[in-house]
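Following: one structure in structure tokens, then a few remarks.
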Amino acid sequence: MSNPTRSTEFDVIVIGAGPAGEVLAGRVAEAGLDVAIVERHLVAGECSFYACMPSKALLRPGELLDEARRVAGVKQAVTGSLDVAAALSRRDEVIHHLDDSSQIPWLERRDIKLFRGDGRLAGDRRVAVDGQELTARRAVVIATGTGASMPPIDGLDSVGAWNNRQATTAESAPESMTVLGGGPVGCELAQAWASFGTRVTLVEATDRLLLKEEPFAGAQVEEALRGRHGVEVITGAKAVGASGKKGSTSLELDDGREITSAELLVAIGRRPQVEGLGLESVGIRADGFLETGDDLRLNGHDWLYAIGDVNGRALLTHMGKYQAWVASEQILGRGALATSEAKGSPRVTFTDPQVAAVGLTLDSANEAGIDALAVDVPTGSTAGASFTGRGVDGTCRLVVDRDSSVIVGATFTGFETADWIHAATIALIGEVPMDRLRHAVPAFPARSEIWLRLTEAWEASAG
């Protein structure tokens with residue numbers, strides 16, 4: 001779709017056509033408002049083309065192969081290794097070969113006008129796009145997301161380091177790779193490329209992986225990366241220098257070690273994409289995440305919203321979509337507020353074992369002044385675990401407020417635990433007491449029978 005020229009005035013203008021921006025634009029357009037959306041790169045955004053979707057496509061082949069090799073009668077039929085070229089071809093299908101044309105009909109059906117180019121504020125309710133100025137009657141919504149953060153390491157700028165974009169769209173498996181950062185992105189991509197035969201070294205500056213999760217989660221992922229996936233894991237060492245060039249890079253650590261590899265992937269965090277947005281034209285300093293109230297308006301501007309990663313409230317695609325719903329309700333005069341990010345943001349690290357979590361860890365609950373009790377059971381303690389994920393270690397934990405008997409956090413590790421977390425999210429948001437949850441009977445022999453084990457463990461601990 002080329003840039004429209006017939007109209008420059010709209011009810012709502014959205015800057016950024018990633019998941020959050022698209023959801024908001026769609027909701028208000030379906031409610032009858034006249035909507036424009038501005039995108040400088042690909043409609044559907046980072047998650048669809050360079051992050052969530054391609055990384056899961058890279059992980060899935062190895063994950064399935066490992067599971068097949070754990071199942072008697074199936075492992076005897078597995079005689080070969082992964083077809084890397086075919087796996088990468090499937091990844092390319094998932095990301096539509098970095099072509100967003102299939103996304104355009106969704107906008108057209110809702111009569112959303114797409115402007116391709118760099119959008120920036122040009123004063124109250126005004127947005128400039130490559131020399132054309134648009135005016136919003138009701139609202140301007142900033143949904144520009146985040147970009148990869150590069151740390152101030154000496155020499156890093158000159159070695160051609162990868163970020164998530166290069167790592168999820170690479171056309172072949174490199175012979176070796178150093179991954180800097182042991183968070184979800186670093187752990188996932190370390191496992192994915194190791195499954196394709198790349199010799200991977202993962203470096204994390206702190207003393208454990210997945211620092212924001214329960215300590216057992218990082219420990220179990222580290223053990224699997226080392227033992228099952230063949231990744232060399234180095235913790236407690238900071239990178240202090242980089243040298244070389246693309247194809248042969250060296251990373252110097254503060255303990256004197258030097259790691260050489262064909263590619264260096266930096267996965268240490270995200271930064272808000274606020275440069276060039278013209279925020280100064282409406283009196284806002286663009287020096288970090290855009291702080292909003294629970295109505296997702298930027299303070300002092302009743303017409304200006306920031307949703308998704310750019311506001312820093314919860315850097316998760318699904319939470320950006322949730323915020324899009326909240327902001328669209330505000331724009332439509334229905335008054336919803338974003339109240340779930342602080343305590344109810346579900347998150348999943350799609351390694352094997354997976355780490356699915358929501359709410360607080362035991363440590364963060366105690367730091368928040370909650371008298372919390374942790375209830376742990378082995379993930380493999382159900383009959384269903386005899387058939388699926390057998391031999392993959394895992395732990396399921398509920399963090400319960402002793403005073404209210406309500407879950408304030410949950411973590412599930414093991415094979416394919418991602419879908420389990422929604423039940424915990426419902427219990428957490430709904431503030432369902434544990435004695436009430438005991439009446440929610442899980443099916444046998446489904447792996448979700450883990451909830452029976454957890455409620456039984458709670459009764460034993462609290463009784």
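Please note that chains go A, B, ... in the order of the structure tokens, that every chain numbers its residues from 1, and that ligands are numbered from 1 in the order shown.
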
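Backbone DSSP over segment 156-235 of chain A yields strand (DSSP E) at A:Ser176, A:Met177, A:Thr178, A:Val179, A:Leu180, A:Arg199, A:Val200, A:Thr201, A:Leu202, A:Val203, A:Glu204, A:Glu232, A:Val233, A:Ile234, A:Thr235.
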
Name all residues at most 6 Å from segment 334-343 of chain A (count only C-alpha atoms; drop same-chain ones fewer than 5 positions away) and give them as a PyMOL selection string. chain A and resi 294-295+326+329+359

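You will find atom CA of Leu437 of chain A at 28.4 Å from atom CA of Gln323 of chain A.
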
Close residues, Glu188 of chain A itself excluded, 8 Å, only C-alpha atoms, min 5 positions apart in chain, as a CSV table (one decimal) with C-alpha atoms, in the first residue's frame:
```
chain,number,residue,atom,x,y,z
A,55,SER,CA,13.3,-17.8,17.5
A,59,LEU,CA,14.1,-23.9,18.5
A,349,THR,CA,11.6,-18.8,28.2
A,350,PHE,CA,11.3,-21.4,25.4
A,351,THR,CA,14.4,-23.4,26.2
```

What does the structure give for the distance between atom CA of Gln191 of chain A and atom CA of Val231 of chain A, in Å to one decimal? 7.4 Å

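Each of A:Val74, A:Ala170, A:Ala374, A:Val14 was checked against Ala87 of chain A using only C-alpha atoms; the smallest atom-to-atom distance is that of A:Ala170.
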
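Between atom CA of Asp403 of chain A and atom CA of Asp371 of chain A the interatomic distance comes to 7.1 Å.
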
Write down as a VMD selection string the residues of segment 175-385 of chain A whose backbone DSSP state falls under alpha helix (DSSP H). chain A and resid 184 to 195 215 to 227 317 to 331 341 to 344 362 to 367

Go ahead and write the residues just picked, N, CA and C atoms, as a CSV table (one decimal), in the first residue's frame.
```csv
chain,number,residue,atom,x,y,z
A,184,PRO,N,16.5,-14.6,28.7
A,184,PRO,CA,15.7,-15.4,27.8
A,184,PRO,C,16.2,-15.5,26.4
A,185,VAL,N,16.6,-14.3,25.8
A,185,VAL,CA,17.0,-14.3,24.4
A,185,VAL,C,18.3,-15.0,24.2
A,186,GLY,N,19.3,-14.8,25.1
A,186,GLY,CA,20.6,-15.4,25.0
A,186,GLY,C,20.4,-16.9,25.2
A,187,CYS,N,19.7,-17.4,26.2
A,187,CYS,CA,19.5,-18.8,26.4
A,187,CYS,C,18.8,-19.5,25.3
A,188,GLU,N,17.7,-18.9,24.7
A,188,GLU,CA,17.0,-19.5,23.6
A,188,GLU,C,17.9,-19.6,22.4
A,189,LEU,N,18.6,-18.6,22.0
A,189,LEU,CA,19.3,-18.6,20.8
A,189,LEU,C,20.6,-19.5,20.9
A,190,ALA,N,21.1,-19.5,22.1
A,190,ALA,CA,22.3,-20.4,22.4
A,190,ALA,C,21.8,-21.9,22.1
A,191,GLN,N,20.7,-22.3,22.6
A,191,GLN,CA,20.2,-23.6,22.4
A,191,GLN,C,19.8,-23.9,21.0
A,192,ALA,N,19.2,-22.9,20.3
A,192,ALA,CA,18.7,-23.1,18.9
A,192,ALA,C,19.9,-23.3,18.0
A,193,TRP,N,20.9,-22.5,18.1
A,193,TRP,CA,22.0,-22.6,17.2
A,193,TRP,C,22.9,-23.8,17.5
A,194,ALA,N,23.0,-24.2,18.8
A,194,ALA,CA,23.7,-25.4,19.2
A,194,ALA,C,23.0,-26.6,18.6
A,195,SER,N,21.7,-26.6,18.5
A,195,SER,CA,21.0,-27.7,17.9
A,195,SER,C,21.3,-27.9,16.4
A,215,PRO,N,15.8,-19.0,41.3
A,215,PRO,CA,17.1,-19.6,41.1
A,215,PRO,C,17.1,-21.0,40.5
A,216,PHE,N,16.2,-21.8,40.9
A,216,PHE,CA,16.2,-23.2,40.3
A,216,PHE,C,16.0,-23.2,38.8
A,217,ALA,N,15.2,-22.2,38.3
A,217,ALA,CA,14.9,-22.2,36.9
A,217,ALA,C,16.2,-22.0,36.1
A,218,GLY,N,17.0,-21.0,36.5
A,218,GLY,CA,18.3,-20.7,35.8
A,218,GLY,C,19.2,-21.9,35.9
A,219,ALA,N,19.2,-22.5,37.1
A,219,ALA,CA,20.1,-23.7,37.3
A,219,ALA,C,19.8,-24.8,36.4
A,220,GLN,N,18.5,-25.1,36.3
A,220,GLN,CA,18.1,-26.2,35.4
A,220,GLN,C,18.3,-25.9,33.9
A,221,VAL,N,18.1,-24.7,33.5
A,221,VAL,CA,18.4,-24.4,32.1
A,221,VAL,C,19.9,-24.5,31.9
A,222,GLU,N,20.7,-24.0,32.8
A,222,GLU,CA,22.2,-24.1,32.7
A,222,GLU,C,22.6,-25.5,32.6
A,223,GLU,N,22.1,-26.4,33.4
A,223,GLU,CA,22.5,-27.8,33.4
A,223,GLU,C,22.1,-28.4,32.1
A,224,ALA,N,20.9,-28.1,31.5
A,224,ALA,CA,20.5,-28.6,30.2
A,224,ALA,C,21.4,-28.1,29.1
A,225,LEU,N,21.7,-26.8,29.1
A,225,LEU,CA,22.5,-26.2,28.1
A,225,LEU,C,23.9,-26.9,28.0
A,226,ARG,N,24.4,-27.1,29.2
A,226,ARG,CA,25.7,-27.8,29.3
A,226,ARG,C,25.7,-29.3,28.9
A,227,GLY,N,24.7,-30.0,29.5
A,227,GLY,CA,24.7,-31.4,29.4
A,227,GLY,C,24.1,-32.0,28.1
A,317,THR,N,5.3,-9.1,24.3
A,317,THR,CA,4.3,-8.9,23.2
A,317,THR,C,2.9,-8.9,23.7
A,318,HIS,N,2.6,-9.9,24.5
A,318,HIS,CA,1.2,-10.1,24.9
A,318,HIS,C,0.8,-9.0,25.9
A,319,MET,N,1.7,-8.4,26.6
A,319,MET,CA,1.4,-7.3,27.5
A,319,MET,C,1.2,-6.0,26.7
A,320,GLY,N,1.9,-5.9,25.5
A,320,GLY,CA,1.7,-4.8,24.6
A,320,GLY,C,0.3,-4.9,24.0
A,321,LYS,N,-0.2,-6.1,23.7
A,321,LYS,CA,-1.5,-6.2,23.2
A,321,LYS,C,-2.6,-5.9,24.2
A,322,TYR,N,-2.3,-6.3,25.5
A,322,TYR,CA,-3.2,-5.9,26.6
A,322,TYR,C,-3.3,-4.4,26.7
A,323,GLN,N,-2.1,-3.8,26.7
A,323,GLN,CA,-2.1,-2.3,26.8
A,323,GLN,C,-2.9,-1.7,25.6
A,324,ALA,N,-2.8,-2.3,24.4
A,324,ALA,CA,-3.5,-1.8,23.3
A,324,ALA,C,-5.0,-1.8,23.6
A,325,TRP,N,-5.5,-2.9,24.2
A,325,TRP,CA,-6.9,-2.9,24.6
A,325,TRP,C,-7.2,-1.8,25.6
A,326,VAL,N,-6.4,-1.6,26.6
A,326,VAL,CA,-6.6,-0.6,27.6
A,326,VAL,C,-6.7,0.8,27.0
A,327,ALA,N,-5.7,1.1,26.1
A,327,ALA,CA,-5.7,2.4,25.5
A,327,ALA,C,-6.8,2.6,24.6
A,328,SER,N,-7.2,1.6,23.8
A,328,SER,CA,-8.4,1.7,22.9
A,328,SER,C,-9.6,2.0,23.7
A,329,GLU,N,-9.8,1.3,24.9
A,329,GLU,CA,-10.9,1.6,25.7
A,329,GLU,C,-10.9,3.0,26.2
A,330,GLN,N,-9.8,3.5,26.5
A,330,GLN,CA,-9.7,4.9,26.9
A,330,GLN,C,-10.1,5.9,25.8
A,331,ILE,N,-9.6,5.6,24.6
A,331,ILE,CA,-9.9,6.4,23.5
A,331,ILE,C,-11.4,6.4,23.2
A,341,GLU,N,0.3,-5.4,34.8
A,341,GLU,CA,1.7,-5.6,34.5
A,341,GLU,C,2.5,-5.9,35.7
A,342,ALA,N,2.2,-5.2,36.8
A,342,ALA,CA,3.0,-5.3,38.0
A,342,ALA,C,3.0,-6.7,38.6
A,343,LYS,N,1.8,-7.3,38.6
A,343,LYS,CA,1.7,-8.6,39.3
A,343,LYS,C,1.3,-9.8,38.4
A,344,GLY,N,0.8,-9.5,37.2
A,344,GLY,CA,0.3,-10.5,36.4
A,344,GLY,C,0.8,-10.7,35.0
A,362,LEU,N,9.8,-16.1,44.9
A,362,LEU,CA,9.8,-16.1,46.4
A,362,LEU,C,10.6,-15.0,47.0
A,363,ASP,N,11.7,-14.7,46.4
A,363,ASP,CA,12.6,-13.6,46.9
A,363,ASP,C,11.9,-12.3,46.7
A,364,SER,N,11.3,-12.0,45.5
A,364,SER,CA,10.7,-10.7,45.2
A,364,SER,C,9.4,-10.6,46.1
A,365,ALA,N,8.7,-11.6,46.4
A,365,ALA,CA,7.6,-11.5,47.3
A,365,ALA,C,8.0,-11.1,48.7
A,366,ASN,N,9.1,-11.8,49.2
A,366,ASN,CA,9.6,-11.4,50.5
A,366,ASN,C,10.1,-10.0,50.5
A,367,GLU,N,10.7,-9.5,49.4
A,367,GLU,CA,11.2,-8.2,49.3
A,367,GLU,C,10.1,-7.2,49.3
```

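Among the candidates A:Ala427, A:Val233, A:Val129, A:Leu58, the residue lying nearest to Arg91 of chain A is A:Leu58 (atoms considered: only C-alpha atoms).
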
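Counting only C-alpha atoms and comparing A:Val84, A:Arg120, A:Ile234, A:Leu210, the residue that lies closest to Glu171 of chain A is A:Val84.
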
Within 7 Å of segment 287-293 of chain A, which residues of segment 302-371 of chain A come that close, and what is the closest atom pair and distance in Å for each? Count only C-alpha atoms and give it as a tab-separated table.
```
residue	atom	partner	partner_atom	distance
A:Ala306	CA	A:Leu290	CA	6.8
A:Val310	CA	A:Phe289	CA	5.7
A:Asn311	CA	A:Leu290	CA	4.5
A:Gly312	CA	A:Phe289	CA	5.4
```

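Remark: for Glu22 of chain A, the closest of the candidate residues A:Ile153, A:Ile307, A:Val179, A:Ala72 is A:Ile307 (distances computed over only C-alpha atoms).
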
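Shell of Gly244 of chain A at 9 Å, with only C-alpha atoms counted and residues fewer than 6 places along the chain excluded, is A:Gly155, A:Ser158, A:Val159, A:Gly160, A:Ser250, A:Leu251, A:Thr260.
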
If we count only C-alpha atoms and set the cut-off at 9 Å, which residues sit around Ala122 of chain A, ignoring sequence neighbours fewer than 2 positions away in its own chain? Please answer as a list in words. Arg120, Asp124, Arg125, Arg126, Val127, Ala128, Glu133, Leu277, Gly278, Leu279, Glu280, Ser281 and Val282 of chain A

Export of prior selection with C-alpha atoms as a PDB file, in the first residue's frame:
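Saved as out.pdb:
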```
ATOM      1  CA  ARG A 120       7.402  12.003  14.374  1.00  0.00           C
ATOM      2  CA  ASP A 124      -0.071  18.831  19.608  1.00  0.00           C
ATOM      3  CA  ARG A 125      -2.045  16.125  17.761  1.00  0.00           C
ATOM      4  CA  ARG A 126       0.191  16.449  14.698  1.00  0.00           C
ATOM      5  CA  VAL A 127       2.400  13.786  13.135  1.00  0.00           C
ATOM      6  CA  ALA A 128       4.844  14.382  10.292  1.00  0.00           C
ATOM      7  CA  GLU A 133       1.635  16.296   8.105  1.00  0.00           C
ATOM      8  CA  LEU A 277      10.016  10.926  17.489  1.00  0.00           C
ATOM      9  CA  GLY A 278       9.771  14.689  17.927  1.00  0.00           C
ATOM     10  CA  LEU A 279       8.755  14.379  21.566  1.00  0.00           C
ATOM     11  CA  GLU A 280      10.426  17.688  22.327  1.00  0.00           C
ATOM     12  CA  SER A 281       7.757  19.375  20.173  1.00  0.00           C
ATOM     13  CA  VAL A 282       5.238  18.596  22.924  1.00  0.00           C
TER      14      VAL A 282
END
```

Just want the 12 Å neighbourhood of Ala242 of chain A, counted on only C-alpha atoms, with same-chain residues fewer than 2 positions away dropped. Output as a PyMOL selection string. chain A and resi 151-161+178+180+238-240+244-246+248-254+257-261+263-266

Need the shell around Ser448 of chain A: protein/DNA/RNA residues with any atom at most 12 Å away, counting only C-alpha atoms. Skip same-chain ones fewer than 6 positions apart. Format as an NGL selection string? :A and (379-385 or 388 or 396 or 412 or 416-424 or 440-442 or 454)

Let's have the selection written as a JSON list (two decimals), in the first residue's frame, with C-alpha atoms.
```json
[["chain", "number", "residue", "atom", "x", "y", "z"],
["A", 379, "THR", "CA", 7.25, -31.51, 37.18],
["A", 380, "GLY", "CA", 7.54, -35.23, 36.48],
["A", 381, "SER", "CA", 5.31, -36.22, 39.42],
["A", 382, "THR", "CA", 2.15, -36.86, 37.37],
["A", 383, "ALA", "CA", 1.06, -39.87, 35.36],
["A", 384, "GLY", "CA", 1.05, -37.73, 32.23],
["A", 385, "ALA", "CA", 4.78, -37.18, 32.63],
["A", 388, "THR", "CA", 5.49, -36.51, 27.63],
["A", 396, "CYS", "CA", 6.70, -26.46, 39.69],
["A", 412, "PHE", "CA", 6.80, -24.14, 35.96],
["A", 416, "GLU", "CA", 6.53, -27.76, 27.20],
["A", 417, "THR", "CA", 5.22, -26.02, 30.31],
["A", 418, "ALA", "CA", 4.34, -22.76, 28.54],
["A", 419, "ASP", "CA", 0.62, -23.43, 28.32],
["A", 420, "TRP", "CA", 0.40, -24.28, 32.01],
["A", 421, "ILE", "CA", 1.01, -20.72, 33.12],
["A", 422, "HIS", "CA", -2.38, -19.39, 32.08],
["A", 423, "ALA", "CA", -4.18, -21.29, 34.83],
["A", 424, "ALA", "CA", -1.82, -19.71, 37.36],
["A", 440, "ALA", "CA", -10.78, -27.23, 40.35],
["A", 441, "VAL", "CA", -10.16, -30.86, 39.43],
["A", 442, "PRO", "CA", -7.54, -31.51, 36.71],
["A", 454, "LEU", "CA", 0.48, -28.46, 44.08]]
```
